[in-house]
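A.B. asks: Below is data_16.cif; it holds mmCIF, C-alpha atoms.
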```cif
data_data
loop_
_atom_site.group_PDB
_atom_site.id
_atom_site.type_symbol
_atom_site.label_atom_id
_atom_site.label_comp_id
_atom_site.auth_asym_id
_atom_site.auth_seq_id
_atom_site.Cartn_x
_atom_site.Cartn_y
_atom_site.Cartn_z
ATOM 1 C CA MET Z 22 -35.589 -104.398 23.460
ATOM 2 C CA PRO Z 23 -32.275 -105.043 25.193
ATOM 3 C CA PRO Z 24 -32.474 -106.255 28.793
ATOM 4 C CA ARG Z 25 -30.526 -103.214 30.066
ATOM 5 C CA LEU Z 26 -31.388 -99.597 29.276
ATOM 6 C CA SER Z 27 -28.541 -97.081 29.003
ATOM 7 C CA LEU Z 28 -28.919 -93.735 30.754
ATOM 8 C CA GLY Z 29 -29.180 -91.610 27.598
ATOM 9 C CA PRO Z 30 -32.128 -93.386 25.923
ATOM 10 C CA MET Z 31 -33.855 -93.731 29.299
ATOM 11 C CA LEU Z 32 -33.636 -89.986 29.991
ATOM 12 C CA PHE Z 33 -34.795 -89.236 26.445
ATOM 13 C CA ALA Z 34 -37.843 -91.475 26.864
ATOM 14 C CA LEU Z 35 -38.567 -89.997 30.292
ATOM 15 C CA GLY Z 36 -38.412 -86.435 28.940
ATOM 16 C CA ALA Z 37 -40.741 -87.318 26.073
ATOM 17 C CA LEU Z 38 -43.228 -88.837 28.504
ATOM 18 C CA LEU Z 39 -43.184 -85.787 30.823
ATOM 19 C CA ILE Z 40 -43.840 -83.400 27.931
ATOM 20 C CA ALA Z 41 -46.617 -85.681 26.678
ATOM 21 C CA MET Z 42 -48.350 -85.654 30.066
ATOM 22 C CA ALA Z 43 -48.163 -81.865 30.390
ATOM 23 C CA SER Z 44 -49.527 -81.390 26.875
ATOM 24 C CA TYR Z 45 -52.312 -83.925 27.468
ATOM 25 C CA GLN Z 46 -53.579 -82.187 30.598
ATOM 26 C CA CYS Z 47 -53.424 -78.715 29.051
ATOM 27 C CA GLY Z 48 -55.480 -80.095 26.196
ATOM 28 C CA ALA Z 49 -58.018 -81.572 28.624
ATOM 29 C CA ALA Z 50 -58.382 -78.211 30.380
ATOM 30 C CA THR Z 51 -58.948 -76.553 27.000
ATOM 31 C CA ALA Z 52 -61.448 -79.202 25.934
ATOM 32 C CA LYS Z 53 -63.629 -78.577 29.002
ATOM 33 C CA GLN Z 54 -64.310 -75.105 27.614
ATOM 34 C CA LEU Z 55 -65.938 -76.742 24.586
ATOM 35 C CA PHE Z 56 -68.308 -78.887 26.665
ATOM 36 C CA PRO Z 57 -71.069 -76.241 26.973
ATOM 37 C CA VAL Z 58 -71.192 -75.884 23.170
ATOM 38 C CA VAL Z 59 -70.572 -79.364 21.714
ATOM 39 C CA GLY Z 60 -70.521 -81.601 24.792
ATOM 40 C CA ALA Z 61 -67.862 -84.071 25.818
ATOM 41 C CA GLN Z 62 -68.651 -86.174 22.753
ATOM 42 C CA GLY Z 63 -68.123 -83.246 20.392
ATOM 43 C CA ALA Z 64 -64.857 -82.274 22.104
ATOM 44 C CA THR Z 65 -63.624 -85.848 21.632
ATOM 45 C CA ALA Z 66 -64.582 -85.679 17.953
ATOM 46 C CA PHE Z 67 -62.550 -82.492 17.570
ATOM 47 C CA ARG Z 68 -59.637 -84.046 19.387
ATOM 48 C CA LEU Z 69 -59.362 -87.260 17.403
ATOM 49 C CA GLY Z 70 -60.902 -86.141 14.100
ATOM 50 C CA LEU Z 71 -58.702 -83.076 13.630
ATOM 51 C CA GLY Z 72 -55.772 -84.904 15.219
ATOM 52 C CA ALA Z 73 -56.074 -87.661 12.614
ATOM 53 C CA LEU Z 74 -56.125 -85.134 9.752
ATOM 54 C CA ILE Z 75 -53.019 -83.387 11.082
ATOM 55 C CA MET Z 76 -51.130 -86.641 11.566
ATOM 56 C CA LEU Z 77 -52.125 -87.912 8.111
ATOM 57 C CA ALA Z 78 -50.815 -84.697 6.512
ATOM 58 C CA VAL Z 79 -47.542 -84.834 8.439
ATOM 59 C CA ARG Z 80 -46.749 -88.551 8.455
ATOM 60 C CA ARG Z 81 -48.381 -89.754 5.185
ATOM 61 C CA PRO Z 82 -48.502 -93.364 6.407
ATOM 62 C CA TRP Z 83 -49.619 -94.704 3.024
ATOM 63 C CA ARG Z 84 -46.064 -94.371 1.696
ATOM 64 C CA PRO Z 85 -44.430 -97.786 1.081
ATOM 65 C CA THR Z 86 -42.119 -98.704 3.956
ATOM 66 C CA LYS Z 87 -40.593 -101.859 5.346
ATOM 67 C CA ARG Z 88 -42.623 -102.853 8.403
ATOM 68 C CA GLU Z 89 -44.187 -105.897 9.949
ATOM 69 C CA GLY Z 90 -47.952 -106.166 9.649
ATOM 70 C CA ASN Z 91 -49.777 -106.613 12.961
ATOM 71 C CA TRP Z 92 -53.306 -105.469 12.272
ATOM 72 C CA ARG Z 93 -54.739 -106.927 15.458
ATOM 73 C CA ALA Z 94 -52.377 -104.860 17.601
ATOM 74 C CA LEU Z 95 -52.984 -101.757 15.490
ATOM 75 C CA TRP Z 96 -56.765 -102.009 15.683
ATOM 76 C CA GLY Z 97 -56.609 -102.845 19.375
ATOM 77 C CA TYR Z 98 -54.445 -99.777 19.913
ATOM 78 C CA GLY Z 99 -56.700 -97.503 17.864
ATOM 79 C CA LEU Z 100 -60.007 -98.719 19.286
ATOM 80 C CA SER Z 101 -58.771 -98.563 22.878
ATOM 81 C CA LEU Z 102 -57.467 -95.043 22.185
ATOM 82 C CA GLY Z 103 -60.836 -93.911 20.812
ATOM 83 C CA VAL Z 104 -62.958 -95.402 23.582
ATOM 84 C CA MET Z 105 -60.528 -94.244 26.289
ATOM 85 C CA ASN Z 106 -60.715 -90.645 25.097
ATOM 86 C CA LEU Z 107 -64.482 -90.670 24.778
ATOM 87 C CA VAL Z 108 -65.274 -92.056 28.225
ATOM 88 C CA PHE Z 109 -62.556 -89.907 29.866
ATOM 89 C CA TYR Z 110 -64.121 -86.716 28.509
ATOM 90 C CA MET Z 111 -67.524 -88.032 29.582
ATOM 91 C CA SER Z 112 -66.166 -88.334 33.121
ATOM 92 C CA LEU Z 113 -64.903 -84.722 33.065
ATOM 93 C CA ARG Z 114 -68.477 -83.480 32.745
ATOM 94 C CA THR Z 115 -69.180 -84.223 36.401
ATOM 95 C CA ILE Z 116 -65.929 -84.878 38.312
ATOM 96 C CA PRO Z 117 -62.726 -82.774 38.626
ATOM 97 C CA LEU Z 118 -59.800 -83.312 36.286
ATOM 98 C CA GLY Z 119 -57.344 -84.499 38.958
ATOM 99 C CA ILE Z 120 -59.793 -87.025 40.402
ATOM 100 C CA ALA Z 121 -60.750 -88.326 36.949
ATOM 101 C CA VAL Z 122 -57.100 -88.936 36.076
ATOM 102 C CA ALA Z 123 -56.459 -90.589 39.451
ATOM 103 C CA LEU Z 124 -59.323 -93.017 38.832
ATOM 104 C CA GLU Z 125 -58.220 -93.564 35.247
ATOM 105 C CA PHE Z 126 -54.755 -94.461 36.496
ATOM 106 C CA THR Z 127 -56.065 -97.758 37.880
ATOM 107 C CA GLY Z 128 -55.460 -99.170 34.379
ATOM 108 C CA PRO Z 129 -51.721 -98.447 34.102
ATOM 109 C CA LEU Z 130 -51.288 -99.357 37.761
ATOM 110 C CA ALA Z 131 -52.792 -102.790 37.073
ATOM 111 C CA ILE Z 132 -50.278 -103.251 34.235
ATOM 112 C CA ALA Z 133 -47.453 -102.343 36.605
ATOM 113 C CA LEU Z 134 -48.665 -104.834 39.220
ATOM 114 C CA LEU Z 135 -48.988 -107.638 36.684
ATOM 115 C CA HIS Z 136 -45.454 -107.106 35.377
ATOM 116 C CA SER Z 137 -43.668 -106.582 38.690
ATOM 117 C CA ARG Z 138 -41.160 -109.183 39.878
ATOM 118 C CA ARG Z 139 -38.772 -107.424 42.271
ATOM 119 C CA ALA Z 140 -39.581 -106.355 45.811
ATOM 120 C CA LEU Z 141 -38.416 -102.796 45.103
ATOM 121 C CA ASP Z 142 -40.997 -102.468 42.319
ATOM 122 C CA PHE Z 143 -43.760 -103.038 44.851
ATOM 123 C CA VAL Z 144 -42.315 -100.310 47.091
ATOM 124 C CA TRP Z 145 -42.681 -97.753 44.299
ATOM 125 C CA ILE Z 146 -46.132 -99.046 43.393
ATOM 126 C CA ALA Z 147 -47.223 -98.900 47.047
ATOM 127 C CA LEU Z 148 -45.987 -95.304 47.280
ATOM 128 C CA ALA Z 149 -47.916 -94.422 44.130
ATOM 129 C CA VAL Z 150 -51.062 -96.054 45.534
ATOM 130 C CA ILE Z 151 -50.732 -94.066 48.776
ATOM 131 C CA GLY Z 152 -50.447 -90.865 46.773
ATOM 132 C CA LEU Z 153 -53.477 -91.757 44.676
ATOM 133 C CA LEU Z 154 -55.557 -92.571 47.747
ATOM 134 C CA LEU Z 155 -54.646 -89.200 49.247
ATOM 135 C CA LEU Z 156 -55.665 -87.458 46.033
ATOM 136 C CA LEU Z 157 -59.061 -89.139 45.950
ATOM 137 C CA PRO Z 158 -61.809 -87.430 48.011
ATOM 138 C CA LEU Z 159 -62.137 -90.226 50.556
ATOM 139 C CA ARG Z 160 -62.070 -87.935 53.585
ATOM 140 C CA GLY Z 161 -65.759 -87.062 53.814
ATOM 141 C CA ALA Z 162 -66.349 -85.722 50.304
ATOM 142 C CA ALA Z 163 -66.718 -88.957 48.387
ATOM 143 C CA HIS Z 164 -70.513 -88.635 48.475
ATOM 144 C CA ALA Z 165 -70.197 -85.556 46.240
ATOM 145 C CA LEU Z 166 -68.730 -87.565 43.372
ATOM 146 C CA ASP Z 167 -71.106 -88.397 40.560
ATOM 147 C CA PRO Z 168 -71.335 -92.226 40.239
ATOM 148 C CA ALA Z 169 -71.622 -92.075 36.462
ATOM 149 C CA GLY Z 170 -68.536 -89.887 36.258
ATOM 150 C CA VAL Z 171 -66.593 -92.323 38.426
ATOM 151 C CA LEU Z 172 -67.643 -95.258 36.237
ATOM 152 C CA TYR Z 173 -66.639 -93.392 33.083
ATOM 153 C CA ALA Z 174 -63.217 -92.642 34.595
ATOM 154 C CA LEU Z 175 -62.721 -96.284 35.606
ATOM 155 C CA ALA Z 176 -63.736 -97.381 32.106
ATOM 156 C CA ALA Z 177 -61.100 -94.994 30.772
ATOM 157 C CA GLY Z 178 -58.625 -96.828 33.022
ATOM 158 C CA VAL Z 179 -59.435 -100.106 31.276
ATOM 159 C CA GLY Z 180 -58.942 -98.380 27.938
ATOM 160 C CA TRP Z 181 -55.632 -96.933 29.135
ATOM 161 C CA ALA Z 182 -54.343 -100.382 30.107
ATOM 162 C CA LEU Z 183 -55.281 -101.788 26.699
ATOM 163 C CA TYR Z 184 -53.703 -98.746 25.040
ATOM 164 C CA ILE Z 185 -50.383 -99.578 26.738
ATOM 165 C CA VAL Z 186 -50.483 -103.277 25.843
ATOM 166 C CA PHE Z 187 -51.517 -102.835 22.211
ATOM 167 C CA GLY Z 188 -49.532 -99.621 21.740
ATOM 168 C CA GLN Z 189 -46.200 -101.257 22.424
ATOM 169 C CA LYS Z 190 -46.932 -104.017 19.910
ATOM 170 C CA ALA Z 191 -48.262 -101.603 17.291
ATOM 171 C CA GLY Z 192 -45.268 -99.322 17.762
ATOM 172 C CA ALA Z 193 -42.872 -102.213 17.256
ATOM 173 C CA ALA Z 194 -44.628 -103.166 14.013
ATOM 174 C CA TYR Z 195 -45.426 -99.761 12.501
ATOM 175 C CA GLY Z 196 -43.023 -97.337 14.175
ATOM 176 C CA GLY Z 197 -44.151 -93.711 14.185
ATOM 177 C CA ASP Z 198 -46.975 -94.510 11.756
ATOM 178 C CA ALA Z 199 -48.701 -96.469 14.531
ATOM 179 C CA VAL Z 200 -49.730 -93.187 16.176
ATOM 180 C CA THR Z 201 -51.214 -91.801 12.950
ATOM 181 C CA LEU Z 202 -53.091 -94.980 12.125
ATOM 182 C CA GLY Z 203 -54.181 -95.416 15.754
ATOM 183 C CA ILE Z 204 -55.624 -91.899 15.970
ATOM 184 C CA LEU Z 205 -57.387 -92.479 12.647
ATOM 185 C CA ILE Z 206 -58.986 -95.669 13.975
ATOM 186 C CA GLY Z 207 -59.888 -93.881 17.214
ATOM 187 C CA ALA Z 208 -61.539 -91.127 15.165
ATOM 188 C CA LEU Z 209 -63.788 -93.756 13.587
ATOM 189 C CA VAL Z 210 -65.195 -94.252 17.091
ATOM 190 C CA ALA Z 211 -65.294 -90.649 18.304
ATOM 191 C CA VAL Z 212 -66.380 -88.631 15.255
ATOM 192 C CA PRO Z 213 -69.713 -90.408 14.601
ATOM 193 C CA VAL Z 214 -70.584 -90.198 18.314
ATOM 194 C CA GLY Z 215 -69.639 -86.513 18.348
ATOM 195 C CA PHE Z 216 -71.789 -85.686 15.329
ATOM 196 C CA ALA Z 217 -74.689 -87.692 16.726
ATOM 197 C CA HIS Z 218 -74.556 -85.545 19.877
ATOM 198 C CA ALA Z 219 -73.517 -82.088 18.638
ATOM 199 C CA GLY Z 220 -74.605 -82.161 15.004
ATOM 200 C CA SER Z 221 -73.774 -79.105 12.888
ATOM 201 C CA ALA Z 222 -72.274 -77.290 15.883
ATOM 202 C CA LEU Z 223 -69.042 -79.144 15.125
ATOM 203 C CA LEU Z 224 -68.868 -77.280 11.808
ATOM 204 C CA THR Z 225 -68.960 -73.816 13.425
ATOM 205 C CA PRO Z 226 -65.897 -71.897 12.105
ATOM 206 C CA ALA Z 227 -65.455 -70.006 15.391
ATOM 207 C CA LEU Z 228 -64.836 -73.292 17.228
ATOM 208 C CA LEU Z 229 -62.158 -74.502 14.809
ATOM 209 C CA PRO Z 230 -59.155 -72.761 16.476
ATOM 210 C CA MET Z 231 -59.999 -74.206 19.887
ATOM 211 C CA GLY Z 232 -60.731 -77.586 18.331
ATOM 212 C CA LEU Z 233 -57.335 -77.534 16.637
ATOM 213 C CA GLY Z 234 -55.714 -76.608 19.931
ATOM 214 C CA VAL Z 235 -57.358 -79.561 21.655
ATOM 215 C CA ALA Z 236 -56.310 -81.898 18.835
ATOM 216 C CA ILE Z 237 -52.679 -80.774 18.925
ATOM 217 C CA LEU Z 238 -52.303 -80.611 22.703
ATOM 218 C CA SER Z 239 -54.311 -83.728 23.527
ATOM 219 C CA SER Z 240 -53.581 -86.056 20.598
ATOM 220 C CA VAL Z 241 -50.843 -85.077 18.142
ATOM 221 C CA VAL Z 242 -48.164 -84.095 20.667
ATOM 222 C CA PRO Z 243 -48.795 -86.539 23.556
ATOM 223 C CA TYR Z 244 -49.463 -89.681 21.516
ATOM 224 C CA SER Z 245 -46.433 -89.080 19.315
ATOM 225 C CA LEU Z 246 -44.194 -88.615 22.344
ATOM 226 C CA GLU Z 247 -45.788 -91.494 24.250
ATOM 227 C CA MET Z 248 -44.994 -93.803 21.343
ATOM 228 C CA VAL Z 249 -41.359 -92.693 21.638
ATOM 229 C CA ALA Z 250 -41.434 -93.700 25.310
ATOM 230 C CA LEU Z 251 -43.417 -96.905 24.731
ATOM 231 C CA THR Z 252 -40.850 -98.228 22.274
ATOM 232 C CA ARG Z 253 -37.862 -97.354 24.485
ATOM 233 C CA MET Z 254 -38.865 -98.679 27.908
ATOM 234 C CA PRO Z 255 -40.593 -101.789 29.337
ATOM 235 C CA ALA Z 256 -44.387 -101.721 29.715
ATOM 236 C CA ARG Z 257 -43.976 -102.045 33.509
ATOM 237 C CA THR Z 258 -41.725 -98.990 33.699
ATOM 238 C CA PHE Z 259 -43.956 -96.957 31.389
ATOM 239 C CA SER Z 260 -46.993 -97.803 33.520
ATOM 240 C CA VAL Z 261 -45.410 -96.843 36.831
ATOM 241 C CA LEU Z 262 -43.952 -93.622 35.406
ATOM 242 C CA LEU Z 263 -47.459 -92.654 34.384
ATOM 243 C CA SER Z 264 -48.200 -92.251 38.093
ATOM 244 C CA LEU Z 265 -47.066 -88.680 37.467
ATOM 245 C CA GLU Z 266 -50.265 -88.124 35.477
ATOM 246 C CA PRO Z 267 -52.578 -87.343 38.442
ATOM 247 C CA ALA Z 268 -50.001 -84.901 39.788
ATOM 248 C CA VAL Z 269 -49.753 -83.144 36.431
ATOM 249 C CA ALA Z 270 -53.552 -83.086 36.200
ATOM 250 C CA ALA Z 271 -53.881 -81.610 39.698
ATOM 251 C CA MET Z 272 -51.358 -78.875 38.921
ATOM 252 C CA THR Z 273 -53.073 -78.163 35.586
ATOM 253 C CA GLY Z 274 -56.378 -77.826 37.412
ATOM 254 C CA THR Z 275 -54.785 -75.359 39.808
ATOM 255 C CA LEU Z 276 -53.284 -73.235 37.016
ATOM 256 C CA PHE Z 277 -56.084 -73.282 34.457
ATOM 257 C CA LEU Z 278 -59.280 -74.346 36.250
ATOM 258 C CA SER Z 279 -58.766 -72.590 39.611
ATOM 259 C CA GLU Z 280 -58.794 -75.864 41.551
ATOM 260 C CA ARG Z 281 -56.971 -75.283 44.844
ATOM 261 C CA LEU Z 282 -55.087 -78.096 46.556
ATOM 262 C CA ASP Z 283 -54.758 -78.646 50.301
ATOM 263 C CA ALA Z 284 -51.647 -79.804 52.150
ATOM 264 C CA ILE Z 285 -52.598 -83.504 52.018
ATOM 265 C CA GLN Z 286 -53.053 -83.314 48.261
ATOM 266 C CA TRP Z 287 -49.602 -81.746 47.850
ATOM 267 C CA ILE Z 288 -48.154 -84.570 49.987
ATOM 268 C CA ALA Z 289 -49.896 -87.001 47.662
ATOM 269 C CA ILE Z 290 -48.293 -85.323 44.650
ATOM 270 C CA ALA Z 291 -44.858 -85.577 46.308
ATOM 271 C CA ALA Z 292 -45.426 -89.312 46.982
ATOM 272 C CA ILE Z 293 -46.401 -89.929 43.369
ATOM 273 C CA ILE Z 294 -43.407 -88.018 42.029
ATOM 274 C CA ALA Z 295 -41.106 -89.999 44.359
ATOM 275 C CA ALA Z 296 -42.619 -93.266 43.125
ATOM 276 C CA SER Z 297 -42.115 -92.227 39.506
ATOM 277 C CA GLY Z 298 -38.511 -91.188 40.131
ATOM 278 C CA GLY Z 299 -37.747 -94.472 41.865
ATOM 279 C CA ALA Z 300 -39.241 -96.411 38.977
ATOM 280 C CA ALA Z 301 -37.157 -94.431 36.484
ATOM 281 C CA LEU Z 302 -33.939 -95.223 38.371
ATOM 282 C CA GLY Z 303 -34.855 -98.883 38.703
ATOM 283 C CA ALA Z 304 -35.626 -99.179 34.999
ATOM 284 C CA ARG Z 305 -31.919 -99.249 34.161
ATOM 285 C CA LYS Z 306 -31.541 -102.594 35.914
ATOM 286 C CA PRO Z 307 -32.640 -105.736 34.111
ATOM 287 C CA ALA Z 308 -35.848 -107.186 35.473
ATOM 288 C CA VAL Z 309 -36.152 -110.899 36.163
ATOM 289 C CA GLU Z 310 -38.829 -112.261 33.865
#
```
Before anything else, please render the file you have as C-alpha cells.
C.D. replies:
Amino acid sequence: MPPRLSLGPMLFALGALLIAMASYQCGAATAKQLFPVVGAQGATAFRLGLGALIMLAVRRPWRPTKREGNWRALWGYGLSLGVMNLVFYMSLRTIPLGIAVALEFTGPLAIALLHSRRALDFVWIALAVIGLLLLLPLRGAAHALDPAGVLYALAAGVGWALYIVFGQKAGAAYGGDAVTLGILIGALVAVPVGFAHAGSALLTPALLPMGLGVAILSSVVPYSLEMVALTRMPARTFSVLLSLEPAVAAMTGTLFLSERLDAIQWIAIAAIIAASGGAALGARKPAVE
C-alpha cells in the first residue's frame, strides 16, 4: 500500500465500510428474531453456512488464478470470523445490541492504539473512548447487565481484532476470494455448533427465507465490502473508523428493536461519529512508522 492515500480511493473505501456496517447491524436485528426458534448458535449457523454457499456460487474460488498462498493468514481470518460471530450472537441473548457492539469494539480500538504514532490519532481515539463510555450503562444500570453476555461480547472483541489483523493479510494474498474462503472456514466452526444446539430445526423450510436474509445482510454484503476497505486503508485507520459501529448498532436498535436512546447516548453517538470523521481525514496523511 502506498504511504499516501488519494481522496478518491479513500472515499470509496469509507463508503464501502459504512454500507457494510449498516448491513451488518440490520442482519443482527433480523437474527435476533431467530433466537427463540434455533438459538444464537443456530442463527450463526444460518449466517455463515448459507453465506458460504452463496459466496461459493458467486465467486467460485476454486478457479485457477495467480495469487500468493498464505494459508496461515487465511485460516486465522476464517477461524477468527467464525468464533467472533458465534460469541457475538451468544452475547445478544442477554444484552442489548448497542451495548454488545460497544463492548465488542474494544478489539478494534486496541488495534488502533497499538498502531498509533501521531498525537492527533490519540485525540480521535480518546473521543471515541468517551463516546463508548457514554454508551455503556455505567450510570447506575450496569448491575442489570448479564456477566456472561458481557464476557461473550468482550470475547467477540478479541475475535474482531484478530479478524482485522489476519483479514488484511488474507486479502492481500487472495483478493476477493479471501472473503469466500474465510466465510467457509468460519462455517466449519459455526455450523456444527448450530446443529448440535438446534438440530433438525435448522432444516425447517419456513425459516429458510429469514436465514438467507441473515446470511446476506450479516455475512455476504458486509464481509465483501469490509475486504474492499481492508485492502485500501491502513489497519489503524480501519480500526478507528469502526468506532461508527456502536452508533450504527444503537440507531438500528431504535429503528428495528424499539430501543430508545436518551440525550447522553445521542451525545455519545455524535462523539463517535466525530472521531471517525477525524480519522478519515487524517488517513490521507502518511503516518510515521
A.B. asks: Using all atoms listed in the file, which protein or nucleic acid residues come within 8 Å of stretch 95-108 of chain Z? Drop anything in the same chain fewer than 4 positions from it, and give the result as JSON, numbers by chain.
C.D. replies: {"Z": [61, 62, 65, 69, 91, 112, 173, 174, 176, 177, 178, 179, 180, 181, 183, 184, 185, 186, 187, 188, 190, 191, 199, 202, 203, 204, 205, 206, 207, 208, 209, 210, 211]}
A.B. asks: Put those residues in a file: C-alpha atoms, as a short mmCIF file (atom, residue, chain, number, x, y, z; two decimals), keeping the file's coordinate frame.
C.D. replies:
```cif
data_model
loop_
_atom_site.label_atom_id
_atom_site.label_comp_id
_atom_site.auth_asym_id
_atom_site.auth_seq_id
_atom_site.Cartn_x
_atom_site.Cartn_y
_atom_site.Cartn_z
CA ALA Z 61 -67.86 -84.07 25.82
CA GLN Z 62 -68.65 -86.17 22.75
CA THR Z 65 -63.62 -85.85 21.63
CA LEU Z 69 -59.36 -87.26 17.40
CA ASN Z 91 -49.78 -106.61 12.96
CA SER Z 112 -66.17 -88.33 33.12
CA TYR Z 173 -66.64 -93.39 33.08
CA ALA Z 174 -63.22 -92.64 34.60
CA ALA Z 176 -63.74 -97.38 32.11
CA ALA Z 177 -61.10 -94.99 30.77
CA GLY Z 178 -58.62 -96.83 33.02
CA VAL Z 179 -59.44 -100.11 31.28
CA GLY Z 180 -58.94 -98.38 27.94
CA TRP Z 181 -55.63 -96.93 29.14
CA LEU Z 183 -55.28 -101.79 26.70
CA TYR Z 184 -53.70 -98.75 25.04
CA ILE Z 185 -50.38 -99.58 26.74
CA VAL Z 186 -50.48 -103.28 25.84
CA PHE Z 187 -51.52 -102.84 22.21
CA GLY Z 188 -49.53 -99.62 21.74
CA LYS Z 190 -46.93 -104.02 19.91
CA ALA Z 191 -48.26 -101.60 17.29
CA ALA Z 199 -48.70 -96.47 14.53
CA LEU Z 202 -53.09 -94.98 12.12
CA GLY Z 203 -54.18 -95.42 15.75
CA ILE Z 204 -55.62 -91.90 15.97
CA LEU Z 205 -57.39 -92.48 12.65
CA ILE Z 206 -58.99 -95.67 13.98
CA GLY Z 207 -59.89 -93.88 17.21
CA ALA Z 208 -61.54 -91.13 15.16
CA LEU Z 209 -63.79 -93.76 13.59
CA VAL Z 210 -65.19 -94.25 17.09
CA ALA Z 211 -65.29 -90.65 18.30
#
```
A.B. asks: Between atom CA of Z:Ile132 and atom CA of Z:Arg93, what is the spacing in Å?
C.D. replies: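 Calculated distance between atom CA of Z:Arg93 and atom CA of Z:Ile132 is 19.6 Å.
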A.B. asks: Could you tell me which residues the PyMOL selection byres ((chain Z and resi 33) around 12) grabs in this file, written as a PyMOL selection string?
C.D. replies: chain Z and resi 26-32+34-40+246-247+249-254+301
A.B. asks: Record the distance separating atom CA of Z:Gly299 and atom CA of Z:Ala131, expressed in Å with one decimal.
C.D. replies: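 A separation of 17.8 Å between them.
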A.B. asks: Smallest atom-to-atom distance to Z:Ala94: which of Z:Gly192, Z:Pro267, Z:Gly232, Z:Gly197, using only C-alpha atoms?
C.D. replies: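 Result for the nearest residue to Z:Ala94: Z:Gly192.
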A.B. asks: Could you give me the axis-aligned bounding box of stretch 245-249 of chain Z, with 5 Å of padding per side, as centre plus edge lengths in Å to one decimal, as AutoDock Vina command-line options?
C.D. replies:
```
--center_x -43.9 --center_y -91.2 --center_z 21.8 --size_x 15.1 --size_y 15.2 --size_z 14.9
```
A.B. asks: What are the nearest atom pairs, with distances in Å to one decimal, for all residues of stretch 46-149 of chain Z that come at most 10 Å from stretch 275-279 of chain Z, using all atoms listed in the file, set out by chain and rising residue number as a Markdown table?
C.D. replies:
```
| residue | atom | partner | partner_atom | distance |
| --- | --- | --- | --- | --- |
| Z:Cys47 | CA | Z:Phe277 | CA | 8.1 |
| Z:Ala50 | CA | Z:Phe277 | CA | 6.8 |
| Z:Thr51 | CA | Z:Phe277 | CA | 8.6 |
| Z:Lys53 | CA | Z:Leu278 | CA | 9.5 |
| Z:Pro117 | CA | Z:Leu278 | CA | 9.4 |
| Z:Leu118 | CA | Z:Leu278 | CA | 9.0 |
| Z:Gly119 | CA | Z:Thr275 | CA | 9.5 |
```
A.B. asks: Using C-alpha atoms, can you write the selected residues to a file as a PDB file, in the coordinates of the input?
C.D. replies:
```
ATOM      1  CA  CYS Z  47     -53.424 -78.715  29.051  1.00  0.00           C
ATOM      2  CA  ALA Z  50     -58.382 -78.211  30.380  1.00  0.00           C
ATOM      3  CA  THR Z  51     -58.948 -76.553  27.000  1.00  0.00           C
ATOM      4  CA  LYS Z  53     -63.629 -78.577  29.002  1.00  0.00           C
ATOM      5  CA  PRO Z 117     -62.726 -82.774  38.626  1.00  0.00           C
ATOM      6  CA  LEU Z 118     -59.800 -83.312  36.286  1.00  0.00           C
ATOM      7  CA  GLY Z 119     -57.344 -84.499  38.958  1.00  0.00           C
TER       8      GLY Z 119
END
```
A.B. asks: Given all atoms listed in the file as the basis, pick out the residue of Z:Pro57, Z:Val79, Z:Phe67, Z:Tyr244 nearest to Z:Pro230.
C.D. replies: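 Checking each of Z:Pro57, Z:Val79, Z:Phe67, Z:Tyr244 against Z:Pro230, counting all atoms listed in the file, the winner is Z:Phe67.
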A.B. asks: Carefully work through the PyMOL selection byres ((chain Z and resi 240-242) around 9) for this structure and note down the residues it includes, as a short mmCIF file (atom, residue, chain, number, x, y, z; two decimals) with C-alpha atoms, in the coordinates of the input.
C.D. replies:
```cif
data_model
loop_
_atom_site.label_atom_id
_atom_site.label_comp_id
_atom_site.auth_asym_id
_atom_site.auth_seq_id
_atom_site.Cartn_x
_atom_site.Cartn_y
_atom_site.Cartn_z
CA ILE Z 40 -43.84 -83.40 27.93
CA ALA Z 41 -46.62 -85.68 26.68
CA SER Z 44 -49.53 -81.39 26.88
CA TYR Z 45 -52.31 -83.92 27.47
CA GLY Z 48 -55.48 -80.10 26.20
CA ARG Z 68 -59.64 -84.05 19.39
CA LEU Z 69 -59.36 -87.26 17.40
CA GLY Z 72 -55.77 -84.90 15.22
CA ALA Z 73 -56.07 -87.66 12.61
CA ILE Z 75 -53.02 -83.39 11.08
CA MET Z 76 -51.13 -86.64 11.57
CA VAL Z 200 -49.73 -93.19 16.18
CA THR Z 201 -51.21 -91.80 12.95
CA ILE Z 204 -55.62 -91.90 15.97
CA VAL Z 235 -57.36 -79.56 21.66
CA ALA Z 236 -56.31 -81.90 18.84
CA ILE Z 237 -52.68 -80.77 18.92
CA LEU Z 238 -52.30 -80.61 22.70
CA SER Z 239 -54.31 -83.73 23.53
CA PRO Z 243 -48.80 -86.54 23.56
CA TYR Z 244 -49.46 -89.68 21.52
CA SER Z 245 -46.43 -89.08 19.32
CA LEU Z 246 -44.19 -88.62 22.34
CA GLU Z 247 -45.79 -91.49 24.25
#
```
A.B. asks: So how far away is atom CA of Z:Gly60 from atom CA of Z:Ala219, in Å?
C.D. replies: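 We find that atom CA of Z:Ala219 and atom CA of Z:Gly60 lie 6.9 Å from each other.
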A.B. asks: Any chance you could work out the residue set of the PyMOL selection byres ((chain Z and resi 288) around 12) here, as a PyMOL selection string?
C.D. replies: chain Z and resi 148-149+151-156+268+282-287+289-295
A.B. asks: Counting all atoms listed in the file, figure out which residue out of Z:Leu71, Z:Val171, Z:Met231, Z:Val261 gets nearest to Z:Ile116.
C.D. replies: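 Residue with the minimum atom-to-atom distance to Z:Ile116: Z:Val171.
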A.B. asks: Between Z:Met111, Z:Ala194, Z:Leu262, Z:Leu55, which one has atoms that come closest to Z:Gly170, using all atoms listed in the file?
C.D. replies: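 For Z:Gly170, the nearest of the candidates is Z:Met111.
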A.B. asks: When distances are computed from all atoms listed in the file, which of Z:Leu224, Z:Val150, Z:Ala43, Z:Ala270 shows the smallest separation from Z:Gly63?
C.D. replies: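 Nearest to Z:Gly63: Z:Leu224.
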A.B. asks: Using all atoms listed in the file, which of the listed residues (Z:Tyr195, Z:Trp145, Z:Tyr110, Z:Phe259) sits closest to Z:Pro129?
C.D. replies: Z:Phe259
